[in-house]
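Novice: Take a look at input.txt, compact mmCIF, C-alpha atoms and all ligand atoms:
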```txt
# COMPACT_ATOMS: atom_id res chain seq x y z
CA MET A 4 124.01 104.52 98.94
CA GLU A 5 121.91 107.61 98.26
CA ARG A 6 118.64 108.20 100.13
CA PHE A 7 115.88 110.31 98.67
CA THR A 8 112.52 111.35 100.03
CA ALA A 9 111.73 114.05 97.44
CA ALA A 10 110.64 112.90 93.99
CA ALA A 11 112.38 115.83 92.28
CA ASP A 12 115.72 115.01 93.94
CA LEU A 13 115.59 111.37 92.87
CA HIS A 14 114.65 112.41 89.34
CA THR A 15 117.57 114.82 89.07
CA TRP A 16 120.00 112.19 90.39
CA SER A 17 118.70 109.46 88.07
CA VAL A 18 118.77 111.66 84.97
CA GLY A 19 122.33 112.70 85.89
CA GLN A 20 123.35 109.05 86.16
CA LYS A 21 121.83 108.32 82.76
CA GLN A 22 123.64 111.28 81.20
CA ALA A 23 126.85 109.78 82.60
CA GLY A 24 126.06 106.57 80.67
CA MET A 25 124.59 104.51 83.51
CA LYS A 26 121.75 102.07 82.97
CA ILE A 27 119.15 102.52 85.71
CA GLY A 28 117.14 99.71 87.32
CA LEU A 29 114.13 100.16 89.58
CA VAL A 30 112.78 97.70 92.14
CA PRO A 31 109.44 99.01 93.47
CA THR A 32 108.58 97.61 96.91
CA MET A 33 106.35 98.30 99.87
CA GLY A 34 109.19 97.48 102.27
CA TYR A 35 109.35 94.78 104.95
CA LEU A 36 111.93 93.28 102.63
CA HIS A 37 112.58 89.55 102.51
CA GLU A 38 114.69 87.23 100.36
CA GLY A 39 112.19 87.59 97.49
CA HIS A 40 112.79 91.35 97.30
CA LEU A 41 116.55 90.87 97.61
CA SER A 42 116.45 88.51 94.63
CA LEU A 43 114.75 91.32 92.65
CA ILE A 44 117.57 93.72 93.55
CA ARG A 45 120.14 91.12 92.45
CA GLU A 46 118.27 90.58 89.20
CA ALA A 47 118.17 94.35 88.59
CA ARG A 48 121.91 94.59 89.26
CA ARG A 49 122.55 91.91 86.62
CA HIS A 50 120.94 94.18 84.00
CA CYS A 51 121.81 97.69 85.25
CA ASP A 52 124.66 99.82 86.55
CA LYS A 53 122.65 101.60 89.25
CA VAL A 54 119.67 100.15 91.07
CA ILE A 55 117.05 102.24 92.85
CA VAL A 56 114.80 100.54 95.42
CA SER A 57 111.58 102.37 96.26
CA ILE A 58 110.02 101.65 99.64
CA PHE A 59 106.49 103.00 99.82
CA VAL A 60 103.33 101.45 101.23
CA ASN A 61 100.98 102.77 98.58
CA PRO A 62 97.64 103.76 100.17
CA THR A 63 95.73 103.86 96.88
CA GLN A 64 96.03 100.12 96.27
CA PHE A 65 94.35 99.23 99.58
CA ALA A 66 90.57 99.27 100.05
CA PRO A 67 89.28 100.74 103.34
CA ASN A 68 88.71 97.22 104.75
CA GLU A 69 92.25 96.06 103.93
CA ASP A 70 95.51 96.08 105.90
CA TYR A 71 97.04 99.47 104.98
CA ASP A 72 97.30 100.59 108.63
CA ALA A 73 98.59 97.21 109.78
CA TYR A 74 101.04 96.68 106.92
CA PRO A 75 104.37 95.67 108.51
CA HIS A 76 107.30 98.13 108.53
CA LYS A 77 111.01 97.86 109.33
CA GLU A 78 112.52 100.83 107.55
CA ALA A 79 116.00 100.97 109.12
CA GLU A 80 116.53 97.25 108.49
CA ASP A 81 115.21 97.57 104.92
CA ILE A 82 117.65 100.39 104.16
CA ALA A 83 120.55 98.32 105.53
CA LEU A 84 119.46 95.35 103.37
CA CYS A 85 119.33 97.52 100.23
CA GLU A 86 122.81 98.81 100.96
CA ALA A 87 124.16 95.28 101.58
CA GLU A 88 122.68 94.18 98.23
CA GLY A 89 124.50 96.99 96.42
CA ALA A 90 121.55 99.24 95.63
CA ALA A 91 122.76 102.67 94.55
CA ALA A 92 119.77 104.55 95.96
CA VAL A 93 116.62 104.12 98.04
CA PHE A 94 113.51 106.23 97.58
CA LEU A 95 111.39 106.66 100.72
CA PRO A 96 108.62 109.14 99.89
CA THR A 97 105.80 110.12 102.22
CA PRO A 98 102.20 109.65 101.07
CA GLU A 99 101.98 113.47 100.73
CA GLU A 100 105.00 113.46 98.42
CA MET A 101 103.41 110.86 96.15
CA TYR A 102 99.86 112.18 96.37
CA PRO A 103 99.76 115.96 96.76
CA THR A 104 96.53 117.43 98.13
CA GLY A 105 93.85 117.24 95.48
CA ALA A 106 95.58 114.52 93.42
CA SER A 107 92.84 113.42 91.02
CA THR A 108 94.55 111.52 88.20
CA TRP A 109 94.54 107.74 87.89
CA VAL A 110 96.18 105.21 85.62
CA GLU A 111 93.90 102.23 85.08
CA GLU A 112 94.30 99.09 83.02
CA VAL A 113 90.79 97.76 82.44
CA THR A 114 91.13 94.27 80.98
CA LEU A 115 93.81 92.16 82.67
CA ALA A 116 93.08 93.87 85.99
CA LYS A 117 89.40 92.83 86.10
CA GLY A 118 89.47 89.14 87.08
CA TYR A 119 91.30 87.07 89.71
CA CYS A 120 92.65 89.40 92.41
CA GLY A 121 90.99 92.35 90.65
CA ALA A 122 87.56 90.77 91.16
CA GLN A 123 88.15 90.57 94.92
CA ARG A 124 90.03 93.89 95.11
CA PRO A 125 88.33 96.22 92.58
CA ILE A 126 90.54 99.31 93.17
CA HIS A 127 93.81 97.47 93.77
CA PHE A 128 95.36 97.50 90.29
CA ARG A 129 94.31 101.09 89.63
CA GLY A 130 96.37 102.03 92.69
CA VAL A 131 99.26 99.82 91.58
CA CYS A 132 99.28 101.23 88.02
CA THR A 133 99.06 104.79 89.27
CA VAL A 134 101.93 104.47 91.72
CA VAL A 135 104.12 102.45 89.34
CA ALA A 136 103.55 104.99 86.53
CA LYS A 137 104.54 107.75 88.95
CA LEU A 138 107.64 105.82 90.04
CA PHE A 139 108.61 105.34 86.39
CA ASN A 140 108.26 109.09 85.78
CA ILE A 141 110.22 109.94 88.93
CA ALA A 142 113.03 107.37 88.69
CA ALA A 143 113.23 107.19 84.89
CA PRO A 144 114.45 103.58 84.93
CA ASP A 145 115.59 101.64 81.86
CA VAL A 146 114.55 98.39 83.54
CA ALA A 147 112.10 97.57 86.34
CA VAL A 148 111.96 94.22 88.13
CA PHE A 149 108.82 92.71 89.65
CA GLY A 150 108.27 89.33 91.28
CA GLN A 151 106.37 86.49 89.62
CA LYS A 152 104.63 85.96 92.99
CA ASP A 153 102.25 88.75 91.93
CA PHE A 154 101.67 87.25 88.50
CA GLN A 155 98.62 89.33 87.60
CA GLN A 156 100.37 92.51 88.75
CA VAL A 157 103.27 91.91 86.34
CA ALA A 158 100.87 91.21 83.46
CA VAL A 159 98.92 94.41 84.20
CA ILE A 160 102.11 96.49 84.46
CA ARG A 161 103.46 95.04 81.20
CA ARG A 162 100.21 95.99 79.49
CA MET A 163 100.34 99.51 80.96
CA VAL A 164 103.94 99.92 79.78
CA ARG A 165 102.99 98.77 76.28
CA ASP A 166 99.83 100.85 76.07
CA LEU A 167 101.33 104.06 77.47
CA ASN A 168 104.74 103.75 75.76
CA PHE A 169 106.83 103.82 78.90
CA PRO A 170 110.46 103.29 77.78
CA VAL A 171 111.00 100.70 80.52
CA ARG A 172 111.81 97.01 80.13
CA ILE A 173 109.84 94.89 82.61
CA ILE A 174 111.54 91.81 84.03
CA ARG A 175 109.52 89.17 85.85
CA ALA A 176 111.77 87.45 88.39
CA PRO A 177 111.00 83.94 89.68
CA ILE A 178 109.16 83.27 92.96
CA ILE A 179 111.44 82.74 95.94
CA ARG A 180 110.14 80.09 98.33
CA ASP A 181 111.00 79.01 101.86
CA GLU A 182 112.63 75.59 102.05
CA ASP A 183 109.24 73.97 102.67
CA GLY A 184 107.75 75.58 99.54
CA LEU A 185 105.81 78.56 100.94
CA ALA A 186 106.17 81.52 98.59
CA LYS A 187 107.92 84.42 100.37
CA SER A 188 105.59 87.31 101.14
CA SER A 189 105.69 90.21 103.58
CA ARG A 190 102.18 89.17 104.62
CA ASN A 191 103.38 85.70 105.74
CA THR A 192 104.02 87.47 109.03
CA TYR A 193 100.24 87.33 109.60
CA LEU A 194 100.30 83.48 109.62
CA SER A 195 100.24 81.65 112.96
CA PRO A 196 102.51 78.55 113.07
CA ASP A 197 99.46 76.32 112.41
CA ALA A 198 98.14 78.47 109.56
CA ARG A 199 101.62 78.59 108.04
CA LYS A 200 101.86 74.79 108.16
CA SER A 201 98.48 74.27 106.53
CA ALA A 202 99.27 76.97 103.95
CA LEU A 203 101.88 74.68 102.44
CA CYS A 204 98.96 73.01 100.64
CA LEU A 205 98.99 75.86 98.09
CA SER A 206 102.55 75.29 96.88
CA ARG A 207 102.11 71.51 97.23
CA ALA A 208 99.01 71.58 95.02
CA LEU A 209 100.74 73.74 92.40
CA ALA A 210 103.86 71.56 92.40
CA ALA A 211 101.69 68.45 91.88
CA ALA A 212 99.90 70.23 89.04
CA GLY A 213 103.25 71.10 87.46
CA GLU A 214 104.25 67.46 87.67
CA ALA A 215 100.97 66.27 86.17
CA VAL A 216 101.46 68.65 83.24
CA ALA A 217 105.08 67.49 82.83
CA ASN A 218 103.66 63.95 82.67
CA GLY A 219 101.27 64.88 79.88
CA GLU A 220 98.04 66.14 81.50
CA ARG A 221 96.55 68.92 79.33
CA ASN A 222 93.00 69.20 80.67
CA ALA A 223 92.77 72.44 82.67
CA ALA A 224 89.57 71.40 84.48
CA VAL A 225 91.23 68.22 85.78
CA ILE A 226 94.21 70.20 87.08
CA GLU A 227 92.03 72.91 88.64
CA SER A 228 89.81 70.43 90.49
CA ALA A 229 92.84 68.54 91.87
CA ILE A 230 94.21 71.82 93.24
CA ARG A 231 90.83 72.80 94.67
CA GLU A 232 90.58 69.42 96.42
CA THR A 233 94.07 69.65 97.96
CA THR A 234 93.67 73.16 99.37
CA THR A 235 90.08 72.67 100.52
CA ALA A 236 91.14 69.58 102.50
CA GLU A 237 93.40 71.91 104.55
CA GLY A 238 90.64 74.51 105.00
CA TRP A 239 92.11 76.91 102.39
CA LEU A 240 89.14 77.71 100.18
CA PRO A 241 90.02 78.93 96.69
CA ASP A 242 88.85 82.43 95.71
CA TYR A 243 90.00 81.34 92.29
CA VAL A 244 92.07 78.63 90.69
CA ASN A 245 92.58 79.05 86.98
CA VAL A 246 94.80 77.76 84.23
CA VAL A 247 95.45 80.84 82.11
CA ASP A 248 97.37 82.11 79.12
CA SER A 249 100.49 83.53 80.76
CA GLU A 250 100.34 86.80 78.79
CA THR A 251 96.65 87.60 78.33
CA LEU A 252 95.49 85.83 81.54
CA MET A 253 92.54 84.40 79.56
CA PRO A 254 91.32 81.12 81.11
CA LEU A 255 92.33 78.05 79.10
CA GLU A 256 90.58 74.73 78.63
CA THR A 257 93.68 73.06 77.24
CA ILE A 258 97.10 73.64 78.77
CA CYS A 259 99.75 74.90 76.41
CA PRO A 260 103.14 74.24 78.06
CA GLY A 261 105.44 77.24 77.71
CA ALA A 262 102.53 79.70 77.49
CA SER A 263 100.30 78.78 80.43
CA ALA A 264 100.24 79.45 84.15
CA ILE A 265 98.04 78.48 87.08
CA LEU A 266 96.84 81.33 89.27
CA LEU A 267 95.63 80.49 92.78
CA ALA A 268 94.21 82.53 95.67
CA CYS A 269 92.86 80.91 98.83
CA ARG A 270 91.30 82.09 102.07
CA LYS A 271 91.23 80.65 105.56
CA ASN A 272 90.08 82.38 108.76
CA GLY A 273 90.26 85.85 107.26
CA LEU A 274 93.70 85.30 105.75
CA ARG A 275 94.24 85.31 102.01
CA LEU A 276 97.24 83.87 100.17
CA ILE A 277 98.13 83.85 96.48
CA ASP A 278 100.54 81.64 94.59
CA ASN A 279 101.11 80.56 90.99
CA ILE A 280 103.17 78.37 88.72
CA LEU A 281 104.33 78.80 85.14
CA LEU A 282 103.73 75.66 83.15
O1 LIG A 301 104.21 94.49 94.69
C1 LIG A 301 104.23 95.47 95.46
O2 LIG A 301 104.91 95.46 96.50
C2 LIG A 301 103.42 96.72 95.12
O3 LIG A 301 102.21 96.38 94.52
C3 LIG A 301 104.20 97.72 94.26
C4 LIG A 301 104.53 97.16 92.89
C5 LIG A 301 105.48 98.13 94.98
C6 LIG A 301 103.35 98.98 94.04
O4 LIG A 301 103.01 99.58 95.24
```
What's the structure tokens form of this structure?

Specialist:
Amino acid sequence: MERFTAAADLHTWSVGQKQAGMKIGLVPTMGYLHEGHLSLIREARRHCDKVIVSIFVNPTQFAPNEDYDAYPHKEAEDIALCEAEGAAAVFLPTPEEMYPTGASTWVEEVTLAKGYCGAQRPIHFRGVCTVVAKLFNIAAPDVAVFGQKDFQQVAVIRRMVRDLNFPVRIIRAPIIRDEDGLAKSSRNTYLSPDARKSALCLSRALAAAGEAVANGERNAAVIESAIRETTTAEGWLPDYVNVVDSETLMPLETICPGASAILLACRKNGLRLIDNILL
């Protein structure tokens, strides 16, 4: 497996691979890899000959009051996991490599990024779009794989790719959950055993909503208030719970199975979790 820290070196390698007829996949990550990330690498390998995994905790998507400095790291283990999953290359840039002194250009999607997590984290998606656009330019992938766990992020990136004509196919890979239902996340490491146990109310509420819809419920308000009730009973207060159109993220009054999703973010004792379900 190749290791790159310089953007120009990765670009030269990737372009060389493409000239040799290889299809390139990219899995952008912030490291601290878990089974969810590994499933993204596997998905990328199903579609591509060579998979690049980027590992970069992107400072521009964190507000000053967020957990950039505390974000968990385990670089050596992450590299070994990428190799074991058959990645062809890892990209481990420094912040200075990605953001040279005086960097003053942003990529910003201004519609899908505004609500939900964007309302709580106003600069987050601008940072995500900027770094992902840079990674696309550096790695020149044919395909990039992102997890459904960050549902709004995938919608925003798809819109950016469409609007800016990036020649990259975006694949949204399903959420990977622990056996008890908790969606895998690098930030689950912040949960105490008690908080982790009570956090199961998020996936439980979404699963019940999915069942209600399968049984014919179409009223979004009914579904949203049932979810709100379940999580609030466990002390997880919703920042938002919305039935939305799965492409435009517009809130829906009536659920349209096959084209709707429920987006959920909850807080408890300073911790914030997100989860979602496609209906
Ligand atoms: O989902 C993430 O881990 C990050 O937002 C991403 C896409 C790697 C950009 O930094």

Novice: Which residue out of A:Ser189, A:Ser195, A:Ser228, A:Ser17 has the minimum interatomic distance to ligand LIG 301 (chain A) when all atoms listed in the file are used?

Specialist: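 Closest candidate: A:Ser189.
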
Novice: Between A:Thr104, A:Thr234, A:Ser249, A:Gln22, which has the minimum distance to A:Arg175 (counting all atoms listed in the file)?

Specialist: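 Ranking A:Thr104, A:Thr234, A:Ser249, A:Gln22 by distance to A:Arg175, first place goes to A:Ser249.
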
Novice: Which polymer residues have any atom within 10 Å of an atom of stretch 201-216 of chain A, counting all atoms listed in the file, with same-chain residues fewer than 2 positions away left out, as a short mmCIF file (atom, residue, chain, number, x, y, z; two decimals) with C-alpha atoms, in the coordinates of the input?

Specialist:
```
data_model
loop_
_atom_site.label_atom_id
_atom_site.label_comp_id
_atom_site.auth_asym_id
_atom_site.auth_seq_id
_atom_site.Cartn_x
_atom_site.Cartn_y
_atom_site.Cartn_z
CA ARG A 180 110.14 80.09 98.33
CA ASP A 183 109.24 73.97 102.67
CA GLY A 184 107.75 75.58 99.54
CA LEU A 185 105.81 78.56 100.94
CA ALA A 186 106.17 81.52 98.59
CA ASN A 191 103.38 85.70 105.74
CA LEU A 194 100.30 83.48 109.62
CA SER A 195 100.24 81.65 112.96
CA PRO A 196 102.51 78.55 113.07
CA ASP A 197 99.46 76.32 112.41
CA ALA A 198 98.14 78.47 109.56
CA ARG A 199 101.62 78.59 108.04
CA ASN A 218 103.66 63.95 82.67
CA GLY A 219 101.27 64.88 79.88
CA GLU A 220 98.04 66.14 81.50
CA ARG A 221 96.55 68.92 79.33
CA ASN A 222 93.00 69.20 80.67
CA ALA A 223 92.77 72.44 82.67
CA VAL A 225 91.23 68.22 85.78
CA ILE A 226 94.21 70.20 87.08
CA GLU A 227 92.03 72.91 88.64
CA ALA A 229 92.84 68.54 91.87
CA ILE A 230 94.21 71.82 93.24
CA ARG A 231 90.83 72.80 94.67
CA GLU A 232 90.58 69.42 96.42
CA THR A 233 94.07 69.65 97.96
CA THR A 234 93.67 73.16 99.37
CA THR A 235 90.08 72.67 100.52
CA ALA A 236 91.14 69.58 102.50
CA GLU A 237 93.40 71.91 104.55
CA GLY A 238 90.64 74.51 105.00
CA TRP A 239 92.11 76.91 102.39
CA PRO A 241 90.02 78.93 96.69
CA ILE A 258 97.10 73.64 78.77
CA CYS A 259 99.75 74.90 76.41
CA PRO A 260 103.14 74.24 78.06
CA ALA A 264 100.24 79.45 84.15
CA ILE A 265 98.04 78.48 87.08
CA LEU A 266 96.84 81.33 89.27
CA LEU A 267 95.63 80.49 92.78
CA ALA A 268 94.21 82.53 95.67
CA CYS A 269 92.86 80.91 98.83
CA ARG A 270 91.30 82.09 102.07
CA LYS A 271 91.23 80.65 105.56
CA ARG A 275 94.24 85.31 102.01
CA LEU A 276 97.24 83.87 100.17
CA ILE A 277 98.13 83.85 96.48
CA ASP A 278 100.54 81.64 94.59
CA ASN A 279 101.11 80.56 90.99
CA ILE A 280 103.17 78.37 88.72
CA LEU A 281 104.33 78.80 85.14
CA LEU A 282 103.73 75.66 83.15
#
```

Novice: Excluding stretch 150-160 of chain A and residues on its chain fewer than 2 positions from it, collect all residues at most 6 Å away from it, counting only C-alpha atoms, and give them as a ChimeraX atom specification.

Specialist: /A:115,162-163,175-178

Novice: One number please: atom CA of A:Val18 to atom CA of A:Ala142, in Å, one decimal.

Specialist: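 So the two atoms, atom CA of A:Val18 and atom CA of A:Ala142, lie 8.1 Å apart.
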
Novice: Mind dumping a table of every chain A residue within 6 Å of ligand LIG 301 (chain A), with the nearest atom pair and its distance in Å to one decimal, using only C-alpha atoms and all ligand atoms, sorted by chain and rising number, as JSON lines?

Specialist:
```
{"residue": "A:Pro31", "atom": "CA", "partner": "A:LIG301", "partner_atom": "C5", "distance": 4.3}
{"residue": "A:Thr32", "atom": "CA", "partner": "A:LIG301", "partner_atom": "C5", "distance": 3.7}
{"residue": "A:Met33", "atom": "CA", "partner": "A:LIG301", "partner_atom": "O2", "distance": 4.6}
{"residue": "A:Asn61", "atom": "CA", "partner": "A:LIG301", "partner_atom": "O4", "distance": 5.0}
{"residue": "A:Val131", "atom": "CA", "partner": "A:LIG301", "partner_atom": "C6", "distance": 4.8}
{"residue": "A:Val135", "atom": "CA", "partner": "A:LIG301", "partner_atom": "C6", "distance": 5.9}
```

Novice: So how far away is atom CA of A:Pro75 from atom CA of A:Thr192, in Å?

Specialist: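 Separating atom CA of A:Thr192 from atom CA of A:Pro75 is a distance of 8.2 Å.
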
Novice: (116.0, 94.5, 104.3) in this file's frame - what residues fall within 10 Å of it? Use all atoms listed in the file and give the answer as a ChimeraX atom specification.

Specialist: /A:34-38,40-41,77-88

Novice: Might I get the box with edges along x, y and z of the file that holds all atoms of stretch 19-27 of chain A listed there, padded by 3 Å on every side, given as centre and edge lengths in Å to one decimal, as lines of an AutoDock Vina configuration file?

Specialist:
```
center_x = 123.0
center_y = 107.4
center_z = 83.4
size_x = 13.7
size_y = 16.6
size_z = 11.5
```

Novice: From the set A:Glu99, A:Leu274, A:Glu256, A:Thr251, which residue has the shortest atom-to-atom contact distance to A:Lys117, counting all atoms listed in the file?

Specialist: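 Among the listed residues, the smallest separation from A:Lys117 belongs to A:Thr251.
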
Novice: Can you pull out every residue within 12 Å of A:Asn140, counting all atoms listed in the file, but drop anything in the same chain fewer than 3 positions away, and send it as a JSON list (two decimals) with C-alpha atoms, in the coordinates of the input?

Specialist:
```
[["chain", "number", "residue", "atom", "x", "y", "z"],
["A", 10, "ALA", "CA", 110.64, 112.90, 93.99],
["A", 11, "ALA", "CA", 112.38, 115.83, 92.28],
["A", 13, "LEU", "CA", 115.59, 111.37, 92.87],
["A", 14, "HIS", "CA", 114.65, 112.41, 89.34],
["A", 15, "THR", "CA", 117.57, 114.82, 89.07],
["A", 17, "SER", "CA", 118.70, 109.46, 88.07],
["A", 18, "VAL", "CA", 118.77, 111.66, 84.97],
["A", 29, "LEU", "CA", 114.13, 100.16, 89.58],
["A", 101, "MET", "CA", 103.41, 110.86, 96.15],
["A", 133, "THR", "CA", 99.06, 104.79, 89.27],
["A", 134, "VAL", "CA", 101.93, 104.47, 91.72],
["A", 135, "VAL", "CA", 104.12, 102.45, 89.34],
["A", 136, "ALA", "CA", 103.55, 104.99, 86.53],
["A", 137, "LYS", "CA", 104.54, 107.75, 88.95],
["A", 143, "ALA", "CA", 113.23, 107.19, 84.89],
["A", 144, "PRO", "CA", 114.45, 103.58, 84.93],
["A", 145, "ASP", "CA", 115.59, 101.64, 81.86],
["A", 164, "VAL", "CA", 103.94, 99.92, 79.78],
["A", 167, "LEU", "CA", 101.33, 104.06, 77.47],
["A", 168, "ASN", "CA", 104.74, 103.75, 75.76],
["A", 169, "PHE", "CA", 106.83, 103.82, 78.90],
["A", 170, "PRO", "CA", 110.46, 103.29, 77.78],
["A", 171, "VAL", "CA", 111.00, 100.70, 80.52]]
```

Novice: So how many Å separate atom CA of A:Val246 and atom CA of A:Cys120, to one decimal?

Specialist: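 A separation of 14.4 Å between them.
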